[in-house]
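So this one's protein.txt, compact mmCIF, N, CA and C atoms and all ligand atoms:
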```txt
# COMPACT_ATOMS: atom_id res chain seq x y z
N MET A 574 0.84 -1.20 0.00
CA MET A 574 0.00 0.00 0.00
C MET A 574 0.88 1.26 0.00
N ARG A 575 1.69 1.44 1.04
CA ARG A 575 2.58 2.59 1.13
C ARG A 575 3.61 2.55 0.01
N GLN A 576 4.09 1.35 -0.29
CA GLN A 576 5.06 1.20 -1.37
C GLN A 576 4.45 1.61 -2.69
N GLY A 577 3.16 1.30 -2.89
CA GLY A 577 2.46 1.68 -4.11
C GLY A 577 2.44 3.18 -4.29
N LEU A 578 2.22 3.92 -3.21
CA LEU A 578 2.22 5.38 -3.26
C LEU A 578 3.61 5.89 -3.65
N LEU A 579 4.65 5.32 -3.04
CA LEU A 579 6.02 5.74 -3.35
C LEU A 579 6.35 5.50 -4.81
N VAL A 580 5.94 4.35 -5.30
CA VAL A 580 6.21 4.01 -6.71
C VAL A 580 5.52 5.02 -7.62
N ARG A 581 4.26 5.37 -7.29
CA ARG A 581 3.53 6.33 -8.11
C ARG A 581 4.20 7.71 -8.04
N LEU A 582 4.61 8.12 -6.83
CA LEU A 582 5.28 9.42 -6.69
C LEU A 582 6.60 9.46 -7.45
N SER A 583 7.31 8.33 -7.44
CA SER A 583 8.62 8.29 -8.11
C SER A 583 8.48 8.43 -9.62
N ARG A 584 7.25 8.25 -10.13
CA ARG A 584 7.03 8.36 -11.58
C ARG A 584 6.64 9.78 -11.99
N VAL A 585 6.45 10.66 -11.01
CA VAL A 585 6.14 12.06 -11.32
C VAL A 585 7.47 12.73 -11.70
N ARG A 586 7.62 13.02 -12.98
CA ARG A 586 8.93 13.44 -13.51
C ARG A 586 9.49 14.69 -12.86
N TRP A 587 8.67 15.74 -12.73
CA TRP A 587 9.19 16.99 -12.17
C TRP A 587 9.60 16.81 -10.72
N LEU A 588 8.82 16.00 -9.97
CA LEU A 588 9.13 15.75 -8.57
C LEU A 588 10.48 15.02 -8.45
N ARG A 589 10.64 14.04 -9.31
CA ARG A 589 11.89 13.28 -9.36
C ARG A 589 13.07 14.20 -9.68
N ALA A 590 12.86 15.07 -10.69
CA ALA A 590 13.94 15.98 -11.11
C ALA A 590 14.33 16.92 -9.98
N VAL A 591 13.33 17.42 -9.24
CA VAL A 591 13.63 18.35 -8.14
C VAL A 591 14.35 17.62 -7.01
N LEU A 592 13.79 16.47 -6.59
CA LEU A 592 14.36 15.76 -5.44
C LEU A 592 15.78 15.27 -5.71
N LEU A 593 16.06 14.91 -6.97
CA LEU A 593 17.38 14.37 -7.28
C LEU A 593 18.35 15.43 -7.79
N SER A 594 17.91 16.70 -7.84
CA SER A 594 18.84 17.76 -8.26
C SER A 594 19.89 17.96 -7.18
N ARG A 595 21.06 18.47 -7.58
CA ARG A 595 22.15 18.64 -6.61
C ARG A 595 21.76 19.59 -5.48
N VAL A 596 21.02 20.66 -5.82
CA VAL A 596 20.69 21.66 -4.79
C VAL A 596 19.75 21.12 -3.73
N VAL A 597 19.02 20.06 -4.03
CA VAL A 597 18.16 19.43 -3.02
C VAL A 597 18.86 18.21 -2.41
N ALA A 598 19.49 17.40 -3.26
CA ALA A 598 20.08 16.14 -2.78
C ALA A 598 21.26 16.38 -1.83
N LEU A 599 22.12 17.35 -2.16
CA LEU A 599 23.33 17.54 -1.34
C LEU A 599 23.01 18.03 0.08
N PRO A 600 22.15 19.06 0.24
CA PRO A 600 21.75 19.42 1.61
C PRO A 600 21.07 18.27 2.34
N GLY A 601 20.32 17.44 1.62
CA GLY A 601 19.69 16.28 2.23
C GLY A 601 20.74 15.31 2.76
N TYR A 602 21.81 15.15 1.98
CA TYR A 602 22.93 14.30 2.41
C TYR A 602 23.60 14.88 3.66
N TRP A 603 23.79 16.21 3.66
CA TRP A 603 24.40 16.84 4.83
C TRP A 603 23.51 16.68 6.06
N PHE A 604 22.21 16.84 5.86
CA PHE A 604 21.25 16.68 6.96
C PHE A 604 21.31 15.25 7.50
N ALA A 605 21.29 14.28 6.59
CA ALA A 605 21.35 12.87 7.00
C ALA A 605 22.65 12.59 7.75
N THR A 606 23.76 13.18 7.26
CA THR A 606 25.06 12.99 7.93
C THR A 606 25.02 13.57 9.34
N ALA A 607 24.43 14.77 9.47
CA ALA A 607 24.34 15.40 10.80
C ALA A 607 23.52 14.53 11.75
N MET A 608 22.38 14.02 11.25
CA MET A 608 21.52 13.17 12.08
C MET A 608 22.25 11.86 12.43
N GLY A 609 22.91 11.26 11.44
CA GLY A 609 23.66 10.03 11.67
C GLY A 609 24.78 10.26 12.68
N PHE A 610 25.41 11.44 12.58
CA PHE A 610 26.51 11.74 13.50
C PHE A 610 26.02 11.90 14.93
N VAL A 611 24.93 12.63 15.10
CA VAL A 611 24.37 12.83 16.46
C VAL A 611 23.92 11.49 17.04
N TRP A 612 23.15 10.74 16.25
CA TRP A 612 22.67 9.41 16.67
C TRP A 612 23.85 8.51 17.02
N GLY A 613 24.84 8.48 16.12
CA GLY A 613 26.00 7.61 16.32
C GLY A 613 26.86 8.05 17.49
N ALA A 614 27.08 9.35 17.64
CA ALA A 614 27.93 9.85 18.73
C ALA A 614 27.30 9.53 20.08
N LEU A 615 26.01 9.81 20.20
CA LEU A 615 25.33 9.61 21.48
C LEU A 615 25.28 8.14 21.85
N LEU A 616 24.90 7.27 20.90
CA LEU A 616 24.68 5.87 21.23
C LEU A 616 25.96 5.03 21.22
N SER A 617 27.02 5.55 20.60
CA SER A 617 28.29 4.80 20.63
C SER A 617 29.16 5.29 21.78
N GLY A 618 28.70 6.28 22.52
CA GLY A 618 29.54 6.87 23.56
C GLY A 618 30.72 7.59 22.94
N PHE A 619 30.46 8.24 21.80
CA PHE A 619 31.45 9.05 21.08
C PHE A 619 32.64 8.23 20.57
N ARG A 620 32.38 6.95 20.27
CA ARG A 620 33.43 6.13 19.62
C ARG A 620 33.33 6.36 18.11
N ILE A 621 33.81 7.52 17.68
CA ILE A 621 33.70 7.98 16.30
C ILE A 621 35.10 8.00 15.69
N SER A 622 35.23 7.49 14.48
CA SER A 622 36.51 7.57 13.78
C SER A 622 36.24 7.63 12.28
N ARG A 623 37.27 7.98 11.53
CA ARG A 623 37.16 7.95 10.06
C ARG A 623 37.88 6.72 9.57
N ARG A 624 37.18 5.91 8.77
CA ARG A 624 37.82 4.69 8.23
C ARG A 624 37.22 4.36 6.90
N GLY A 625 38.06 4.04 5.93
CA GLY A 625 37.59 3.51 4.66
C GLY A 625 36.54 4.36 3.96
N GLY A 626 36.66 5.68 4.06
CA GLY A 626 35.75 6.55 3.33
C GLY A 626 34.42 6.82 4.01
N VAL A 627 34.27 6.37 5.24
CA VAL A 627 33.06 6.69 6.01
C VAL A 627 33.46 7.15 7.42
N VAL A 628 32.53 7.80 8.08
CA VAL A 628 32.68 8.09 9.51
C VAL A 628 32.06 6.91 10.24
N VAL A 629 32.83 6.26 11.10
CA VAL A 629 32.36 5.06 11.78
C VAL A 629 31.97 5.39 13.22
N ALA A 630 30.76 4.99 13.59
CA ALA A 630 30.34 5.02 15.00
C ALA A 630 30.23 3.56 15.42
N ARG A 631 31.18 3.09 16.21
CA ARG A 631 31.20 1.67 16.59
C ARG A 631 30.78 1.50 18.05
N GLY A 632 30.43 0.27 18.38
CA GLY A 632 29.98 0.00 19.74
C GLY A 632 28.52 0.41 19.95
N MET A 633 27.80 0.55 18.82
CA MET A 633 26.38 0.91 18.92
C MET A 633 25.57 -0.26 19.47
N PRO A 634 24.51 0.01 20.25
CA PRO A 634 23.63 -1.10 20.66
C PRO A 634 22.91 -1.68 19.44
N GLY A 635 22.64 -2.97 19.48
CA GLY A 635 22.08 -3.67 18.33
C GLY A 635 20.77 -3.13 17.80
N TRP A 636 19.95 -2.53 18.65
CA TRP A 636 18.64 -2.03 18.21
C TRP A 636 18.77 -0.72 17.45
N ALA A 637 19.95 -0.09 17.46
CA ALA A 637 20.10 1.27 16.94
C ALA A 637 20.44 1.32 15.45
N PHE A 638 20.54 0.15 14.80
CA PHE A 638 20.87 0.13 13.37
C PHE A 638 20.33 -1.18 12.79
N GLY A 639 20.36 -1.30 11.46
CA GLY A 639 19.84 -2.49 10.82
C GLY A 639 20.95 -3.46 10.42
N ARG A 640 20.63 -4.74 10.35
CA ARG A 640 21.56 -5.80 9.91
C ARG A 640 22.90 -5.69 10.63
N GLY A 641 24.04 -5.76 9.91
CA GLY A 641 25.35 -5.68 10.56
C GLY A 641 25.77 -4.24 10.81
N GLY A 642 25.05 -3.33 10.19
CA GLY A 642 25.35 -1.92 10.31
C GLY A 642 24.53 -1.14 9.31
N THR A 643 24.42 0.15 9.52
CA THR A 643 23.61 1.00 8.64
C THR A 643 24.37 2.30 8.39
N THR A 644 24.38 2.75 7.14
CA THR A 644 25.01 4.03 6.82
C THR A 644 23.92 5.09 6.64
N ILE A 645 24.06 6.16 7.43
CA ILE A 645 23.14 7.30 7.34
C ILE A 645 23.98 8.49 6.89
N GLY A 646 23.78 8.96 5.67
CA GLY A 646 24.66 10.00 5.12
C GLY A 646 26.07 9.44 5.04
N ALA A 647 27.03 10.12 5.68
CA ALA A 647 28.42 9.67 5.65
C ALA A 647 28.77 8.81 6.86
N VAL A 648 27.81 8.54 7.72
CA VAL A 648 28.10 7.90 9.01
C VAL A 648 27.64 6.44 9.01
N TYR A 649 28.57 5.55 9.26
CA TYR A 649 28.29 4.11 9.34
C TYR A 649 28.11 3.74 10.81
N LEU A 650 26.92 3.25 11.14
CA LEU A 650 26.57 2.87 12.50
C LEU A 650 26.69 1.36 12.63
N THR A 651 27.46 0.91 13.60
CA THR A 651 27.63 -0.54 13.77
C THR A 651 28.02 -0.86 15.21
N SER A 652 27.91 -2.14 15.52
CA SER A 652 28.43 -2.60 16.79
C SER A 652 29.92 -2.88 16.62
N SER A 653 30.23 -3.85 15.75
CA SER A 653 31.63 -4.23 15.57
C SER A 653 31.90 -4.82 14.18
N THR A 654 31.03 -4.56 13.21
CA THR A 654 31.23 -5.08 11.86
C THR A 654 32.09 -4.09 11.10
N LEU A 655 33.41 -4.35 11.06
CA LEU A 655 34.36 -3.33 10.62
C LEU A 655 35.43 -3.83 9.65
N SER A 656 35.15 -4.92 8.91
CA SER A 656 36.18 -5.39 7.98
C SER A 656 36.36 -4.39 6.84
N ASP A 657 37.51 -4.45 6.17
CA ASP A 657 37.77 -3.54 5.06
C ASP A 657 36.70 -3.68 3.97
N SER A 658 36.29 -4.91 3.69
CA SER A 658 35.31 -5.10 2.61
C SER A 658 33.95 -4.50 2.99
N VAL A 659 33.56 -4.64 4.24
CA VAL A 659 32.29 -4.03 4.68
C VAL A 659 32.40 -2.50 4.58
N LEU A 660 33.55 -1.95 4.97
CA LEU A 660 33.71 -0.49 4.89
C LEU A 660 33.66 -0.01 3.43
N GLU A 661 34.21 -0.80 2.50
CA GLU A 661 34.10 -0.46 1.06
C GLU A 661 32.63 -0.46 0.64
N HIS A 662 31.88 -1.45 1.09
CA HIS A 662 30.45 -1.54 0.81
C HIS A 662 29.72 -0.30 1.34
N GLU A 663 30.03 0.07 2.56
CA GLU A 663 29.35 1.21 3.19
C GLU A 663 29.75 2.52 2.51
N ALA A 664 30.98 2.61 1.99
CA ALA A 664 31.40 3.82 1.27
C ALA A 664 30.57 4.02 0.01
N VAL A 665 30.13 2.92 -0.62
CA VAL A 665 29.24 3.03 -1.78
C VAL A 665 27.87 3.56 -1.32
N HIS A 666 27.40 3.09 -0.17
CA HIS A 666 26.13 3.63 0.36
C HIS A 666 26.26 5.13 0.64
N ARG A 667 27.42 5.55 1.13
CA ARG A 667 27.64 6.98 1.35
C ARG A 667 27.51 7.74 0.02
N ALA A 668 28.12 7.20 -1.03
CA ALA A 668 28.03 7.84 -2.35
C ALA A 668 26.58 7.87 -2.83
N GLN A 669 25.82 6.83 -2.51
CA GLN A 669 24.40 6.80 -2.88
C GLN A 669 23.64 7.89 -2.14
N TRP A 670 23.92 8.07 -0.86
CA TRP A 670 23.31 9.17 -0.09
C TRP A 670 23.65 10.52 -0.74
N ARG A 671 24.90 10.70 -1.16
CA ARG A 671 25.32 11.96 -1.79
C ARG A 671 24.55 12.20 -3.09
N ARG A 672 24.34 11.15 -3.85
CA ARG A 672 23.68 11.26 -5.15
C ARG A 672 22.19 11.56 -4.98
N TYR A 673 21.54 10.89 -4.03
CA TYR A 673 20.08 10.95 -3.95
C TYR A 673 19.56 11.81 -2.79
N GLY A 674 20.42 12.17 -1.82
CA GLY A 674 19.94 12.94 -0.68
C GLY A 674 18.90 12.17 0.11
N LEU A 675 17.94 12.88 0.67
CA LEU A 675 16.92 12.23 1.49
C LEU A 675 16.00 11.33 0.66
N ALA A 676 15.97 11.55 -0.65
CA ALA A 676 15.18 10.66 -1.52
C ALA A 676 15.73 9.24 -1.49
N PHE A 677 16.96 9.08 -0.99
CA PHE A 677 17.54 7.74 -0.89
C PHE A 677 16.69 6.85 0.02
N ILE A 678 16.05 7.42 1.03
CA ILE A 678 15.26 6.61 1.97
C ILE A 678 14.09 5.93 1.24
N PRO A 679 13.19 6.69 0.59
CA PRO A 679 12.09 5.99 -0.12
C PRO A 679 12.60 5.15 -1.29
N LEU A 680 13.66 5.62 -1.98
CA LEU A 680 14.19 4.83 -3.11
C LEU A 680 14.71 3.48 -2.61
N TYR A 681 15.42 3.51 -1.47
CA TYR A 681 15.96 2.27 -0.91
C TYR A 681 14.81 1.33 -0.51
N LEU A 682 13.78 1.89 0.14
CA LEU A 682 12.64 1.07 0.58
C LEU A 682 11.92 0.46 -0.62
N MET A 683 11.79 1.24 -1.69
CA MET A 683 11.13 0.73 -2.89
C MET A 683 11.93 -0.39 -3.54
N ALA A 684 13.25 -0.35 -3.34
CA ALA A 684 14.12 -1.36 -3.96
C ALA A 684 13.97 -2.72 -3.27
N GLY A 685 13.30 -2.74 -2.11
CA GLY A 685 12.96 -4.02 -1.49
C GLY A 685 13.80 -4.40 -0.29
N GLN A 686 13.21 -5.20 0.58
CA GLN A 686 13.86 -5.62 1.82
C GLN A 686 14.90 -6.71 1.60
N ASP A 687 14.75 -7.46 0.53
CA ASP A 687 15.70 -8.55 0.26
C ASP A 687 16.98 -7.96 -0.33
N PRO A 688 18.10 -7.97 0.43
CA PRO A 688 19.33 -7.36 -0.08
C PRO A 688 19.81 -7.98 -1.38
N LEU A 689 19.50 -9.23 -1.62
CA LEU A 689 19.97 -9.89 -2.84
C LEU A 689 19.29 -9.33 -4.08
N LYS A 690 18.14 -8.65 -3.88
CA LYS A 690 17.40 -8.07 -5.01
C LYS A 690 17.39 -6.55 -4.99
N ASN A 691 17.87 -5.96 -3.90
CA ASN A 691 17.86 -4.50 -3.75
C ASN A 691 18.99 -3.90 -4.60
N ARG A 692 18.65 -3.03 -5.56
CA ARG A 692 19.66 -2.53 -6.50
C ARG A 692 20.76 -1.73 -5.82
N PHE A 693 20.46 -1.09 -4.69
CA PHE A 693 21.47 -0.31 -3.98
C PHE A 693 22.47 -1.23 -3.27
N GLU A 694 21.97 -2.36 -2.76
CA GLU A 694 22.86 -3.35 -2.13
C GLU A 694 23.72 -4.04 -3.19
N ILE A 695 23.10 -4.32 -4.34
CA ILE A 695 23.85 -4.96 -5.44
C ILE A 695 24.96 -4.03 -5.90
N GLU A 696 24.63 -2.72 -6.06
CA GLU A 696 25.65 -1.76 -6.49
C GLU A 696 26.78 -1.65 -5.46
N ALA A 697 26.43 -1.72 -4.17
CA ALA A 697 27.44 -1.60 -3.11
C ALA A 697 28.30 -2.86 -3.00
N GLY A 698 27.81 -3.97 -3.55
CA GLY A 698 28.58 -5.20 -3.53
C GLY A 698 28.06 -6.16 -2.48
N LEU A 699 27.33 -7.18 -2.91
CA LEU A 699 26.72 -8.12 -1.97
C LEU A 699 27.77 -8.92 -1.21
N ALA A 700 28.78 -9.38 -1.92
CA ALA A 700 29.81 -10.22 -1.29
C ALA A 700 30.58 -9.43 -0.24
N LYS A 701 30.85 -8.14 -0.53
CA LYS A 701 31.60 -7.31 0.42
C LYS A 701 30.87 -7.18 1.76
N ALA A 702 29.53 -7.22 1.70
CA ALA A 702 28.75 -7.10 2.92
C ALA A 702 28.42 -8.46 3.52
N GLY A 703 28.90 -9.52 2.86
CA GLY A 703 28.65 -10.85 3.38
C GLY A 703 27.27 -11.38 3.05
N TYR A 704 26.63 -10.82 2.02
CA TYR A 704 25.30 -11.29 1.65
C TYR A 704 25.36 -12.57 0.82
N ARG A 705 26.55 -12.88 0.29
CA ARG A 705 26.67 -14.12 -0.49
C ARG A 705 27.85 -14.91 -0.04
ZN ZN A 801 24.48 -2.42 2.23
```

Can you give me the file's structure in the form of structure tokens?
Amino acid sequence: MRQGLLVRLSRVRWLRAVLLSRVVALPGYWFATAMGFVWGALLSGFRISRRGGVVVARGMPGWAFGRGGTTIGAVYLTSSTLSDSVLEHEAVHRAQWRRYGLAFIPLYLMAGQDPLKNRFEIEAGLAKAGYR
């Protein structure tokens, strides 16, 4: 039902063009990064570092992110999933956030819950994230 609405909205050309324009997408990415940073800093006890092209908040409680970790803007939230290949995968998600801004959230949801079929997960590299 909700997915149907998103799919219909995504087909509205002018809306798509506005949401995916640099002037809208980039501030959306900055906003997502700020939110990810605050969320990550508070819940990781400020265990923040830069690694592999992302800002890492490690030591997060398990309920505070999805799967092995979640990238919000430039910030990768995780408990302890920190291999080089996972960080490469998350750096692609960061680039996706930069490209799509806040529209990345509905676009990602529309791409489906199954990571093996989600085009953003496929682009980021399924094997790097341990999906295969
Ligand atoms: Zn991923």

Counting all atoms listed in the file, which residues of chain A sit at most 6.5 Å from some atom of ligand ZN 801 (chain A), and what is each one's closest atom pair with its distance in Å to one decimal, listed by chain and rising residue number, as a tab-separated table?
```
residue	atom	partner	partner_atom	distance
A:His662	C	A:ZN801	ZN	5.7
A:Glu663	N	A:ZN801	ZN	6.1
A:Phe693	C	A:ZN801	ZN	6.0
A:Glu694	CA	A:ZN801	ZN	4.7
A:Ala697	CA	A:ZN801	ZN	6.2
A:Ala702	CA	A:ZN801	ZN	6.4
```

Set out as a Markdown table a contact list for region 651-674 of chain A and region 586-606 of chain A with a cut-off of 9 Å, giving each residue of region 651-674 of chain A that qualifies its closest atom pair and distance in Å to one decimal, counting only C-alpha atoms, ordered by chain and rising residue number.
```
| residue | atom | partner | partner_atom | distance |
| --- | --- | --- | --- | --- |
| A:Arg667 | CA | A:Tyr602 | CA | 8.8 |
| A:Trp670 | CA | A:Tyr602 | CA | 5.7 |
| A:Arg671 | CA | A:Tyr602 | CA | 5.4 |
| A:Arg672 | CA | A:Ala598 | CA | 6.5 |
| A:Tyr673 | CA | A:Ala598 | CA | 5.3 |
| A:Gly674 | CA | A:Ala598 | CA | 3.8 |
```

According to DSSP computed on the backbone, where in chain A is there helix (DSSP H, G or I)? Give the residues as a ChimeraX atom specification. /A:575-583,586-592,595-617,635-637,657-683,692-697

Interatomic distance, CA of Ile695 (chain A) to CA of Leu660 (chain A) (Å, one decimal):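 So the answer is 15.0 Å.
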
Proximity to Leu650 (chain A) - best of A:Ala668, A:Val629, A:Met683, A:Ala614, only C-alpha atoms: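 Looking at the shortest contact to Leu650 (chain A), the residue is A:Val629.
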
Please list as a list of chain:residue names every residue within 7 Å of region 577-580 of chain A, counting only N, CA and C atoms and excluding residues in the same chain fewer than 4 positions away.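 That gives A:Arg584, A:Val585, A:Pro679, A:Met683.
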
Please report the interatomic distance between atom N of Phe638 (chain A) and atom C of Arg620 (chain A) in Å with one decimal.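 Between atom N of Phe638 (chain A) and atom C of Arg620 (chain A) the gap works out to 14.6 Å.
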
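Distance-wise, CA of Gly609 (chain A) and CA of Leu699 (chain A) end up 22.9 Å apart.
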
Counting all atoms listed in the file, closest pick from A:Ile678, A:Ile645, A:Val659, A:Ala630 relative to Ser617 (chain A) is A:Ala630

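Counting all atoms listed in the file and comparing A:Thr644, A:Glu696, A:Phe619, A:Ser652, the residue that lies closest to Gly632 (chain A) is A:Ser652.
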
As number ranges by chain, which residues of chain A does DSSP assign to strand (DSSP E)? A: 621-624, 627-630, 642-645, 648-651

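For the set A:Val627, A:Ala637, A:Val665, A:Ala676, the residue with the smallest atom-to-atom gap to Tyr649 (chain A) is A:Val627, counting only N, CA and C atoms.
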
Minimum-distance residue to Glu661 (chain A), chosen among A:Lys701, A:Arg692, A:Arg640, A:Arg631 (using all atoms listed in the file):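 Smallest separation from Glu661 (chain A) among the options: A:Lys701.
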
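Shortest atom-to-atom contact with Ser656 (chain A) among A:Arg705, A:Gly642, A:Asp687, A:Trp636: A:Gly642, counting only C-alpha atoms.
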